[in-house]
file entry_7.pdb (PDB, C-alpha atoms and all ligand atoms)
ATOM      1  CA  MET A   1     -10.460   4.704  14.840  1.00  0.00           C
ATOM      2  CA  GLU A   2     -10.911   8.150  15.352  1.00  0.00           C
ATOM      3  CA  LEU A   3      -9.352   9.315  18.587  1.00  0.00           C
ATOM      4  CA  GLY A   4      -6.070   7.451  18.471  1.00  0.00           C
ATOM      5  CA  LEU A   5      -5.494   8.381  14.881  1.00  0.00           C
ATOM      6  CA  GLU A   6      -6.389  12.020  14.894  1.00  0.00           C
ATOM      7  CA  ALA A   7      -2.828  13.144  15.678  1.00  0.00           C
ATOM      8  CA  ALA A   8      -1.640  11.160  12.658  1.00  0.00           C
ATOM      9  CA  ARG A   9      -3.929  12.825  10.131  1.00  0.00           C
ATOM     10  CA  ILE A  10      -2.308  14.344   7.037  1.00  0.00           C
ATOM     11  CA  THR A  11      -4.408  17.443   7.154  1.00  0.00           C
ATOM     12  CA  VAL A  12      -3.673  19.046   3.791  1.00  0.00           C
ATOM     13  CA  LEU A  13      -5.030  16.118   1.815  1.00  0.00           C
ATOM     14  CA  PRO A  14      -8.537  16.402   0.415  1.00  0.00           C
ATOM     15  CA  GLY A  15      -9.494  12.919   1.545  1.00  0.00           C
ATOM     16  CA  GLU A  16      -8.564  10.945   4.602  1.00  0.00           C
ATOM     17  CA  ALA A  17      -4.999   9.825   5.160  1.00  0.00           C
ATOM     18  CA  PHE A  18      -3.016   9.103   8.314  1.00  0.00           C
ATOM     19  CA  TYR A  19       0.716   8.612   8.816  1.00  0.00           C
ATOM     20  CA  ILE A  20       2.366   6.937  11.833  1.00  0.00           C
ATOM     21  CA  SER A  21       6.142   7.080  11.491  1.00  0.00           C
ATOM     22  CA  ASP A  22       7.073   4.539  14.162  1.00  0.00           C
ATOM     23  CA  PHE A  23       4.503   1.828  13.613  1.00  0.00           C
ATOM     24  CA  ILE A  24       6.821  -1.173  14.033  1.00  0.00           C
ATOM     25  CA  THR A  25      10.177  -1.566  15.775  1.00  0.00           C
ATOM     26  CA  GLU A  26      13.496  -2.244  14.042  1.00  0.00           C
ATOM     27  CA  ALA A  27      13.437  -5.819  15.352  1.00  0.00           C
ATOM     28  CA  GLU A  28       9.950  -6.356  13.938  1.00  0.00           C
ATOM     29  CA  GLU A  29      11.044  -4.895  10.624  1.00  0.00           C
ATOM     30  CA  ASP A  30      14.030  -7.296  10.457  1.00  0.00           C
ATOM     31  CA  TRP A  31      11.826 -10.230  11.279  1.00  0.00           C
ATOM     32  CA  LEU A  32       9.178  -9.281   8.701  1.00  0.00           C
ATOM     33  CA  LEU A  33      11.828  -8.838   6.018  1.00  0.00           C
ATOM     34  CA  ARG A  34      13.212 -12.272   6.813  1.00  0.00           C
ATOM     35  CA  LYS A  35       9.722 -13.720   6.409  1.00  0.00           C
ATOM     36  CA  VAL A  36       9.239 -11.949   3.078  1.00  0.00           C
ATOM     37  CA  THR A  37      12.605 -12.987   1.684  1.00  0.00           C
ATOM     38  CA  SER A  38      12.373 -16.568   2.891  1.00  0.00           C
ATOM     39  CA  ALA A  39       9.094 -17.187   1.059  1.00  0.00           C
ATOM     40  CA  PRO A  40       9.626 -19.749  -1.700  1.00  0.00           C
ATOM     41  CA  LEU A  41      10.461 -18.216  -5.068  1.00  0.00           C
ATOM     42  CA  PRO A  42       7.142 -19.224  -6.707  1.00  0.00           C
ATOM     43  CA  ARG A  43       5.440 -16.942  -4.192  1.00  0.00           C
ATOM     44  CA  TRP A  44       6.821 -13.998  -6.142  1.00  0.00           C
ATOM     45  CA  THR A  45       5.224 -12.626  -9.271  1.00  0.00           C
ATOM     46  CA  GLN A  46       7.833 -10.739 -11.257  1.00  0.00           C
ATOM     47  CA  LEU A  47       6.278  -7.681 -12.897  1.00  0.00           C
ATOM     48  CA  SER A  48       8.136  -5.389 -15.234  1.00  0.00           C
ATOM     49  CA  HIS A  49       8.721  -2.703 -12.593  1.00  0.00           C
ATOM     50  CA  ARG A  50       8.491  -4.479  -9.239  1.00  0.00           C
ATOM     51  CA  ARG A  51       7.858  -7.898  -7.769  1.00  0.00           C
ATOM     52  CA  LEU A  52       4.888  -8.972  -5.761  1.00  0.00           C
ATOM     53  CA  GLN A  53       3.645 -11.578  -3.271  1.00  0.00           C
ATOM     54  CA  THR A  54      -0.094 -12.031  -2.792  1.00  0.00           C
ATOM     55  CA  TRP A  55      -1.409 -13.409   0.520  1.00  0.00           C
ATOM     56  CA  PRO A  56      -3.273 -15.624   1.122  1.00  0.00           C
ATOM     57  CA  SER A  57      -3.861 -15.914  -2.648  1.00  0.00           C
ATOM     58  CA  ALA A  58      -4.720 -13.915  -5.759  1.00  0.00           C
ATOM     59  CA  LEU A  59      -8.350 -12.909  -6.252  1.00  0.00           C
ATOM     60  CA  THR A  60     -10.422 -14.816  -8.781  1.00  0.00           C
ATOM     61  CA  GLN A  61     -11.497 -13.195 -12.038  1.00  0.00           C
ATOM     62  CA  SER A  62     -14.663 -12.040 -10.342  1.00  0.00           C
ATOM     63  CA  ASN A  63     -12.610 -10.340  -7.615  1.00  0.00           C
ATOM     64  CA  THR A  64     -13.443 -12.950  -5.018  1.00  0.00           C
ATOM     65  CA  LEU A  65     -11.091 -14.160  -2.316  1.00  0.00           C
ATOM     66  CA  LEU A  66     -11.149 -17.866  -1.521  1.00  0.00           C
ATOM     67  CA  ALA A  67     -11.417 -17.872   2.268  1.00  0.00           C
ATOM     68  CA  SER A  68      -8.128 -18.679   3.921  1.00  0.00           C
ATOM     69  CA  PRO A  69      -6.385 -17.103   6.908  1.00  0.00           C
ATOM     70  CA  LEU A  70      -3.400 -14.844   6.465  1.00  0.00           C
ATOM     71  CA  PRO A  71      -0.155 -16.418   7.694  1.00  0.00           C
ATOM     72  CA  ASP A  72       0.666 -15.672  11.323  1.00  0.00           C
ATOM     73  CA  TRP A  73       3.597 -13.417  10.469  1.00  0.00           C
ATOM     74  CA  LEU A  74       1.288 -11.040   8.572  1.00  0.00           C
ATOM     75  CA  GLN A  75      -1.205 -11.033  11.449  1.00  0.00           C
ATOM     76  CA  SER A  76       0.848 -10.440  14.561  1.00  0.00           C
ATOM     77  CA  PRO A  77       1.772  -7.823  15.592  1.00  0.00           C
ATOM     78  CA  ILE A  78       0.445  -5.715  12.711  1.00  0.00           C
ATOM     79  CA  ILE A  79      -3.231  -6.638  12.606  1.00  0.00           C
ATOM     80  CA  GLU A  80      -3.374  -6.528  16.415  1.00  0.00           C
ATOM     81  CA  ARG A  81      -2.194  -2.937  16.247  1.00  0.00           C
ATOM     82  CA  PHE A  82      -4.766  -2.168  13.572  1.00  0.00           C
ATOM     83  CA  SER A  83      -7.414  -3.464  15.980  1.00  0.00           C
ATOM     84  CA  GLU A  84      -6.137  -1.251  18.781  1.00  0.00           C
ATOM     85  CA  LEU A  85      -6.427   1.738  16.463  1.00  0.00           C
ATOM     86  CA  GLY A  86      -9.810   0.560  15.159  1.00  0.00           C
ATOM     87  CA  ILE A  87      -8.656   1.063  11.579  1.00  0.00           C
ATOM     88  CA  PHE A  88     -10.857  -1.641  10.055  1.00  0.00           C
ATOM     89  CA  ASP A  89     -13.800  -1.374  12.472  1.00  0.00           C
ATOM     90  CA  ASP A  90     -16.153  -0.163   9.732  1.00  0.00           C
ATOM     91  CA  ALA A  91     -14.953  -2.613   7.075  1.00  0.00           C
ATOM     92  CA  PRO A  92     -17.230  -5.554   6.201  1.00  0.00           C
ATOM     93  CA  HIS A  93     -14.992  -8.130   7.885  1.00  0.00           C
ATOM     94  CA  GLN A  94     -13.690  -5.743  10.581  1.00  0.00           C
ATOM     95  CA  ALA A  95     -10.154  -6.783   9.662  1.00  0.00           C
ATOM     96  CA  PRO A  96      -7.959  -7.074   6.591  1.00  0.00           C
ATOM     97  CA  ASN A  97      -8.117 -10.427   4.804  1.00  0.00           C
ATOM     98  CA  HIS A  98      -5.593  -9.744   2.022  1.00  0.00           C
ATOM     99  CA  VAL A  99      -2.006  -8.488   1.826  1.00  0.00           C
ATOM    100  CA  LEU A 100       0.125  -7.555  -1.180  1.00  0.00           C
ATOM    101  CA  VAL A 101       3.866  -7.480  -0.600  1.00  0.00           C
ATOM    102  CA  ASN A 102       5.534  -5.184  -3.134  1.00  0.00           C
ATOM    103  CA  GLU A 103       9.284  -4.933  -3.556  1.00  0.00           C
ATOM    104  CA  TYR A 104      10.835  -2.066  -5.489  1.00  0.00           C
ATOM    105  CA  GLN A 105      14.477  -1.874  -6.521  1.00  0.00           C
ATOM    106  CA  PRO A 106      15.990   1.575  -7.159  1.00  0.00           C
ATOM    107  CA  GLY A 107      14.511   2.795 -10.453  1.00  0.00           C
ATOM    108  CA  GLN A 108      11.336   0.778 -10.017  1.00  0.00           C
ATOM    109  CA  GLY A 109       7.850   2.021  -9.160  1.00  0.00           C
ATOM    110  CA  ILE A 110       4.180   1.678  -9.929  1.00  0.00           C
ATOM    111  CA  MET A 111       2.222   3.668 -12.508  1.00  0.00           C
ATOM    112  CA  PRO A 112      -0.592   5.934 -11.331  1.00  0.00           C
ATOM    113  CA  HIS A 113      -3.614   3.741 -10.715  1.00  0.00           C
ATOM    114  CA  GLU A 114      -6.492   3.120  -8.357  1.00  0.00           C
ATOM    115  CA  ASP A 115      -7.035  -0.020  -6.360  1.00  0.00           C
ATOM    116  CA  GLY A 116     -10.578  -0.577  -7.579  1.00  0.00           C
ATOM    117  CA  ALA A 117     -13.862  -2.000  -6.406  1.00  0.00           C
ATOM    118  CA  ALA A 118     -12.697  -5.406  -5.176  1.00  0.00           C
ATOM    119  CA  TYR A 119     -11.750  -3.938  -1.810  1.00  0.00           C
ATOM    120  CA  TYR A 120     -13.335  -1.929   0.950  1.00  0.00           C
ATOM    121  CA  PRO A 121     -11.961   1.576   0.278  1.00  0.00           C
ATOM    122  CA  LEU A 122      -9.177   1.569   2.842  1.00  0.00           C
ATOM    123  CA  VAL A 123      -5.514   0.612   2.463  1.00  0.00           C
ATOM    124  CA  ALA A 124      -3.050   0.283   5.338  1.00  0.00           C
ATOM    125  CA  THR A 125       0.560   0.193   4.142  1.00  0.00           C
ATOM    126  CA  VAL A 126       3.559  -0.770   6.264  1.00  0.00           C
ATOM    127  CA  SER A 127       6.907   0.269   4.726  1.00  0.00           C
ATOM    128  CA  LEU A 128      10.068  -1.777   5.264  1.00  0.00           C
ATOM    129  CA  ARG A 129      13.768  -1.297   4.642  1.00  0.00           C
ATOM    130  CA  ALA A 130      13.940   2.117   2.912  1.00  0.00           C
ATOM    131  CA  PRO A 131      11.916   5.285   2.391  1.00  0.00           C
ATOM    132  CA  ILE A 132       9.907   5.997  -0.743  1.00  0.00           C
ATOM    133  CA  VAL A 133       7.771   8.858  -2.020  1.00  0.00           C
ATOM    134  CA  PHE A 134       4.157   7.950  -2.717  1.00  0.00           C
ATOM    135  CA  ASP A 135       2.570  10.248  -5.314  1.00  0.00           C
ATOM    136  CA  VAL A 136      -1.086  11.239  -5.437  1.00  0.00           C
ATOM    137  CA  TYR A 137      -2.571  12.289  -8.783  1.00  0.00           C
ATOM    138  CA  ASP A 138      -5.841  13.812  -9.754  1.00  0.00           C
ATOM    139  CA  LYS A 139      -8.247  11.455 -11.362  1.00  0.00           C
ATOM    140  CA  HIS A 140      -8.745  10.643 -14.317  1.00  0.00           C
ATOM    141  CA  VAL A 141      -7.287  10.985 -17.720  1.00  0.00           C
ATOM    142  CA  GLN A 142      -8.146   8.544 -20.405  1.00  0.00           C
ATOM    143  CA  GLY A 143      -6.012   5.467 -20.485  1.00  0.00           C
ATOM    144  CA  ASP A 144      -5.575   5.028 -16.735  1.00  0.00           C
ATOM    145  CA  LYS A 145      -6.083   1.443 -15.780  1.00  0.00           C
ATOM    146  CA  ASP A 146      -7.651   0.034 -12.688  1.00  0.00           C
ATOM    147  CA  GLU A 147      -5.170  -2.018 -10.655  1.00  0.00           C
ATOM    148  CA  SER A 148      -7.449  -5.021 -10.967  1.00  0.00           C
ATOM    149  CA  GLY A 149      -7.416  -4.713 -14.766  1.00  0.00           C
ATOM    150  CA  GLN A 150      -4.160  -6.626 -15.346  1.00  0.00           C
ATOM    151  CA  ASP A 151      -2.035  -4.099 -17.012  1.00  0.00           C
ATOM    152  CA  VAL A 152      -0.009  -1.879 -14.773  1.00  0.00           C
ATOM    153  CA  ALA A 153       1.883  -0.599 -17.727  1.00  0.00           C
ATOM    154  CA  GLY A 154      -0.411   2.148 -19.040  1.00  0.00           C
ATOM    155  CA  LYS A 155       1.981   5.021 -19.696  1.00  0.00           C
ATOM    156  CA  PRO A 156       1.306   8.128 -17.619  1.00  0.00           C
ATOM    157  CA  ASP A 157       1.267  11.483 -19.374  1.00  0.00           C
ATOM    158  CA  ALA A 158       4.842  12.625 -19.594  1.00  0.00           C
ATOM    159  CA  ASP A 159       3.958  16.018 -18.166  1.00  0.00           C
ATOM    160  CA  ARG A 160       1.590  14.829 -15.476  1.00  0.00           C
ATOM    161  CA  LYS A 161       2.748  15.940 -12.048  1.00  0.00           C
ATOM    162  CA  PRO A 162       1.631  14.514  -8.727  1.00  0.00           C
ATOM    163  CA  HIS A 163      -0.734  16.745  -6.837  1.00  0.00           C
ATOM    164  CA  TYR A 164       0.510  15.590  -3.433  1.00  0.00           C
ATOM    165  CA  ARG A 165       3.562  13.636  -2.293  1.00  0.00           C
ATOM    166  CA  ILE A 166       3.723  11.508   0.851  1.00  0.00           C
ATOM    167  CA  LEU A 167       7.121  10.406   2.174  1.00  0.00           C
ATOM    168  CA  GLN A 168       6.902   6.938   3.697  1.00  0.00           C
ATOM    169  CA  GLU A 169       9.763   6.197   6.068  1.00  0.00           C
ATOM    170  CA  ARG A 170      10.828   2.665   6.857  1.00  0.00           C
ATOM    171  CA  ARG A 171       8.745   1.177   9.718  1.00  0.00           C
ATOM    172  CA  SER A 172       5.906   3.624   9.070  1.00  0.00           C
ATOM    173  CA  LEU A 173       2.203   3.061   8.523  1.00  0.00           C
ATOM    174  CA  LEU A 174       0.205   4.986   5.918  1.00  0.00           C
ATOM    175  CA  ILE A 175      -3.573   4.699   5.911  1.00  0.00           C
ATOM    176  CA  THR A 176      -5.597   6.015   2.992  1.00  0.00           C
ATOM    177  CA  ARG A 177      -9.357   5.739   2.879  1.00  0.00           C
ATOM    178  CA  GLY A 178     -12.583   7.241   1.607  1.00  0.00           C
ATOM    179  CA  LYS A 179     -11.997   9.875  -1.063  1.00  0.00           C
ATOM    180  CA  MET A 180      -8.260   9.177  -0.967  1.00  0.00           C
ATOM    181  CA  TYR A 181      -9.191   5.722  -2.187  1.00  0.00           C
ATOM    182  CA  THR A 182     -11.969   6.539  -4.622  1.00  0.00           C
ATOM    183  CA  ASP A 183     -11.255  10.003  -6.054  1.00  0.00           C
ATOM    184  CA  VAL A 184      -7.512  10.103  -6.778  1.00  0.00           C
ATOM    185  CA  LEU A 185      -4.816   7.936  -8.326  1.00  0.00           C
ATOM    186  CA  HIS A 186      -1.599   6.902  -6.636  1.00  0.00           C
ATOM    187  CA  GLY A 187       1.770   5.760  -7.864  1.00  0.00           C
ATOM    188  CA  ILE A 188       5.493   5.576  -7.163  1.00  0.00           C
ATOM    189  CA  ALA A 189       7.947   7.172  -9.593  1.00  0.00           C
ATOM    190  CA  GLU A 190      10.471   5.011 -11.397  1.00  0.00           C
ATOM    191  CA  THR A 191      13.528   6.838 -10.210  1.00  0.00           C
ATOM    192  CA  THR A 192      16.804   6.154  -8.434  1.00  0.00           C
ATOM    193  CA  ARG A 193      16.545   9.349  -6.416  1.00  0.00           C
ATOM    194  CA  ASP A 194      13.594  11.118  -4.765  1.00  0.00           C
ATOM    195  CA  GLU A 195      14.201  14.860  -4.976  1.00  0.00           C
ATOM    196  CA  ASP A 196      12.715  18.231  -4.126  1.00  0.00           C
ATOM    197  CA  LEU A 197      11.854  17.065  -0.623  1.00  0.00           C
ATOM    198  CA  GLY A 198      10.844  19.546   2.044  1.00  0.00           C
ATOM    199  CA  PRO A 199       7.909  21.015   3.887  1.00  0.00           C
ATOM    200  CA  HIS A 200       6.775  22.730   0.665  1.00  0.00           C
ATOM    201  CA  SER A 201       6.424  19.487  -1.274  1.00  0.00           C
ATOM    202  CA  ILE A 202       5.903  16.629   1.183  1.00  0.00           C
ATOM    203  CA  CYS A 203       2.452  16.771   2.688  1.00  0.00           C
ATOM    204  CA  ASN A 204       3.277  14.659   5.763  1.00  0.00           C
ATOM    205  CA  TRP A 205       6.543  16.521   6.497  1.00  0.00           C
ATOM    206  CA  GLU A 206       5.499  17.484  10.028  1.00  0.00           C
ATOM    207  CA  LEU A 207       4.710  13.864  10.852  1.00  0.00           C
ATOM    208  CA  LEU A 208       8.104  12.468   9.788  1.00  0.00           C
ATOM    209  CA  ARG A 209      10.240  10.665  12.357  1.00  0.00           C
ATOM    210  CA  ASP A 210      13.513  11.919  10.947  1.00  0.00           C
ATOM    211  CA  LYS A 211      13.206  15.189   9.038  1.00  0.00           C
ATOM    212  CA  GLU A 212      16.967  15.793   9.363  1.00  0.00           C
ATOM    213  CA  THR A 213      17.744  12.938   6.970  1.00  0.00           C
ATOM    214  CA  TYR A 214      15.807  14.712   4.242  1.00  0.00           C
ATOM    215  CA  ARG A 215      16.882  18.296   4.910  1.00  0.00           C
ATOM    216  CA  GLN A 216      19.307  18.122   1.997  1.00  0.00           C
ATOM    217  CA  GLY A 217      16.232  17.656  -0.193  1.00  0.00           C
ATOM    218  CA  TRP A 218      16.942  14.239  -1.698  1.00  0.00           C
ATOM    219  CA  TYR A 219      17.910  10.648  -1.010  1.00  0.00           C
ATOM    220  CA  GLU A 220      19.012   7.731  -3.143  1.00  0.00           C
ATOM    221  CA  ARG A 221      16.453   4.969  -3.474  1.00  0.00           C
ATOM    222  CA  GLU A 222      17.266   1.608  -1.951  1.00  0.00           C
ATOM    223  CA  THR A 223      15.235  -1.584  -2.084  1.00  0.00           C
ATOM    224  CA  ARG A 224      11.918  -0.857  -0.417  1.00  0.00           C
ATOM    225  CA  THR A 225       9.280  -3.410   0.539  1.00  0.00           C
ATOM    226  CA  SER A 226       5.679  -2.620   1.379  1.00  0.00           C
ATOM    227  CA  LEU A 227       2.921  -4.657   2.989  1.00  0.00           C
ATOM    228  CA  THR A 228      -0.476  -3.372   1.846  1.00  0.00           C
ATOM    229  CA  TYR A 229      -3.416  -4.585   3.926  1.00  0.00           C
ATOM    230  CA  ARG A 230      -6.950  -4.562   2.551  1.00  0.00           C
ATOM    231  CA  ASP A 231     -10.375  -6.083   3.115  1.00  0.00           C
ATOM    232  CA  VAL A 232     -11.629  -7.941   0.022  1.00  0.00           C
ATOM    233  CA  LEU A 233     -15.397  -7.478  -0.131  1.00  0.00           C
ATOM    234  CA  HIS A 234     -16.330 -10.849  -1.626  1.00  0.00           C
ATOM    235  CA  VAL A 235     -15.098 -13.931   0.130  1.00  0.00           C
ATOM    236  CA  ALA A 236     -16.071 -17.452  -0.931  1.00  0.00           C
ATOM    237  CA  LYS A 237     -16.070 -20.079   1.782  1.00  0.00           C
ATOM    238  CA  MET A 238     -14.373 -23.295   0.803  1.00  0.00           C
ATOM    239  CA  GLY A 239     -17.684 -25.141   0.945  1.00  0.00           C
ATOM    240  CA  ASN A 240     -18.889 -23.014  -1.937  1.00  0.00           C
ATOM    241  CA  THR A 241     -15.663 -23.052  -3.839  1.00  0.00           C
ATOM    242  CA  LEU A 242     -16.404 -25.894  -6.228  1.00  0.00           C
ATOM    243  CA  LYS A 243     -19.755 -24.483  -7.151  1.00  0.00           C
ATOM    244  CA  PHE A 244     -18.101 -21.138  -7.521  1.00  0.00           C
ATOM    245  CA  LEU A 245     -15.243 -22.402  -9.713  1.00  0.00           C
ATOM    246  CA  GLY A 246     -17.757 -24.202 -11.863  1.00  0.00           C
ATOM    247  CA  GLY A 247     -19.331 -20.924 -12.856  1.00  0.00           C
ATOM    248  CA  LYS A 248     -22.686 -19.450 -12.015  1.00  0.00           C
TER
HETATM  249  O1  LIG B   1       3.922  -0.117  -2.456  1.00  0.00           O
HETATM  250  C1  LIG B   1       3.077   0.734  -2.180  1.00  0.00           C
HETATM  251  O2  LIG B   1       3.170   1.480  -1.203  1.00  0.00           O
HETATM  252  C2  LIG B   1       1.887   0.917  -3.071  1.00  0.00           C
HETATM  253  C3  LIG B   1       1.463  -0.321  -3.767  1.00  0.00           C
HETATM  254  C4  LIG B   1       0.183  -0.161  -4.506  1.00  0.00           C
HETATM  255  O3  LIG B   1      -0.230   0.900  -4.854  1.00  0.00           O
HETATM  256  C5  LIG B   1      -0.624  -1.348  -4.780  1.00  0.00           C
HETATM  257  O4  LIG B   1      -0.174  -2.482  -4.516  1.00  0.00           O
HETATM  258  O5  LIG B   1      -1.752  -1.191  -5.269  1.00  0.00           O
HETATM  259 FE    FE B   2      -2.341   0.765  -5.364  1.00  0.00          FE
END

call {"tool": "encode", "arguments": {"input": "entry_7.pdb", "output": "structure tokens"}}
result
Amino acid sequence: MELGLEAARITVLPGEAFYISDFITEAEEDWLLRKVTSAPLPRWTQLSHRRLQTWPSALTQSNTLLASPLPDWLQSPIIERFSELGIFDDAPHQAPNHVLVNEYQPGQGIMPHEDGAAYYPLVATVSLRAPIVFDVYDKHVQGDKDESGQDVAGKPDADRKPHYRILQERRSLLITRGKMYTDVLHGIAETTRDEDLGPHSICNWELLRDKETYRQGWYERETRTSLTYRDVLHVAKMGNTLKFLGGK
């Protein structure tokens, strides 16, 4: 990965994170959004503070993915670009095999959490439609829940402040891996307005495509959609599926 991505590194972070502001074109963004919104309604899981599509399918209770290719629209051009950058070269399957599509309305977000042991510790997130601030919290106060442990609704401490804030512009790519995956929590505030923006508070400020938009220090949230690409460690081939569903 290393050479192509070095210029995209968010250097102040303790772990490894990379931000590419112009990862997809406007036409690609439009097309991806049409694909997301034209998925049949049962594809969506409505959660209390966002809604979610899971591709190709949800993991089993033992965090296993039943082998199945991602749909073409989630593969090309995004996964081809990941290959060019070598992002998943060290992952067990050398490519992502799972994508969560999250949609946040203004006022919605996701509680501080970690993504857990089901995945190789690398997440590549493509942002669509509107910017959002992604918060990074120190780990771990009691009561935090793993993302794989059903309940997203564990209340964060009222006075807990994010340690770092990453501004994700529409059409950008954010990669977090290693210690950024294992040693910190991440979340998105439930707010209608992201405030206190500037070089002092946004750790990828220098990498933004359009700093001018945020010079005033705030923006109103609009609907934002994210595609989060991961490599699930355990994959069951269909031939083994019946045995697998039957138990041990
Ligand atoms: O929407 C995002 O950028 C983050 C989503 C997230 O943290 C997750 O799906 O685990
Ligand atoms: Fe997450």

call {"tool": "closest_atom_pairs", "arguments": {"input": "entry_7.pdb", "of": "chain A", "to": "ligand LIG 1 (chain B)", "cutoff": "6 Å", "atoms": "all atoms listed in the file", "output": "CSV"}}
result
residue,atom,partner,partner_atom,distance
A:Asn102,CA,B:LIG1,O1,5.4
A:Asp115,CA,B:LIG1,O5,5.5
A:Ser226,CA,B:LIG1,O1,4.9

call {"tool": "resolve_selection", "arguments": {"input": "entry_7.pdb", "expression": "the PyMOL selection byres (((not hetatm)) within 9 of (chain B and resi 2))", "output": "PDB file with C-alpha atoms, in the coordinates of the input"}}
result
ATOM      1  CA  ILE A 110       4.180   1.678  -9.929  1.00  0.00           C
ATOM      2  CA  MET A 111       2.222   3.668 -12.508  1.00  0.00           C
ATOM      3  CA  PRO A 112      -0.592   5.934 -11.331  1.00  0.00           C
ATOM      4  CA  HIS A 113      -3.614   3.741 -10.715  1.00  0.00           C
ATOM      5  CA  GLU A 114      -6.492   3.120  -8.357  1.00  0.00           C
ATOM      6  CA  ASP A 115      -7.035  -0.020  -6.360  1.00  0.00           C
ATOM      7  CA  GLY A 116     -10.578  -0.577  -7.579  1.00  0.00           C
ATOM      8  CA  VAL A 123      -5.514   0.612   2.463  1.00  0.00           C
ATOM      9  CA  GLU A 147      -5.170  -2.018 -10.655  1.00  0.00           C
ATOM     10  CA  LEU A 185      -4.816   7.936  -8.326  1.00  0.00           C
ATOM     11  CA  HIS A 186      -1.599   6.902  -6.636  1.00  0.00           C
ATOM     12  CA  GLY A 187       1.770   5.760  -7.864  1.00  0.00           C
ATOM     13  CA  THR A 228      -0.476  -3.372   1.846  1.00  0.00           C
TER      14      THR A 228
END

call {"tool": "closest_residue", "arguments": {"input": "entry_7.pdb", "among": "A:Ile10, A:Ala58, A:Leu233, A:Ala17", "to": "A:Glu206", "atoms": "only C-alpha atoms"}}
result
A:Ile10

call {"tool": "atom_distance", "arguments": {"input": "entry_7.pdb", "atom1": "atom CA of A:Val235", "atom2": "atom CA of A:Val184"}}
result
26.1 Å

call {"tool": "closest_residue", "arguments": {"input": "entry_7.pdb", "among": "A:Gly109, A:Pro77, A:Pro131, A:Pro96", "to": "A:Ile24", "atoms": "all atoms listed in the file"}}
result
A:Pro77

call {"tool": "closest_residue", "arguments": {"input": "entry_7.pdb", "among": "A:Leu52, A:Ile202, A:Leu174, A:Ala39", "to": "A:Asp22", "atoms": "only C-alpha atoms"}}
result
A:Leu174

call {"tool": "closest_residue", "arguments": {"input": "entry_7.pdb", "among": "A:Ala91, A:Leu128, A:Ala117, A:Ile79", "to": "A:Asp30", "atoms": "all atoms listed in the file"}}
result
A:Leu128

call {"tool": "residues_around", "arguments": {"input": "entry_7.pdb", "residues": "A:Pro199", "least_positions_apart": "4", "cutoff": "10 Å", "atoms": "only C-alpha atoms", "output": "number ranges by chain"}}
result
A: 203-206, 211, 215, 217

call {"tool": "residues_around", "arguments": {"input": "entry_7.pdb", "residues": "stretch 190-197 of chain A", "least_positions_apart": "5", "cutoff": "7 Å", "atoms": "all atoms listed in the file", "output": "PyMOL selection string"}}
result
chain A and resi 106-109+133+202+214+217-221
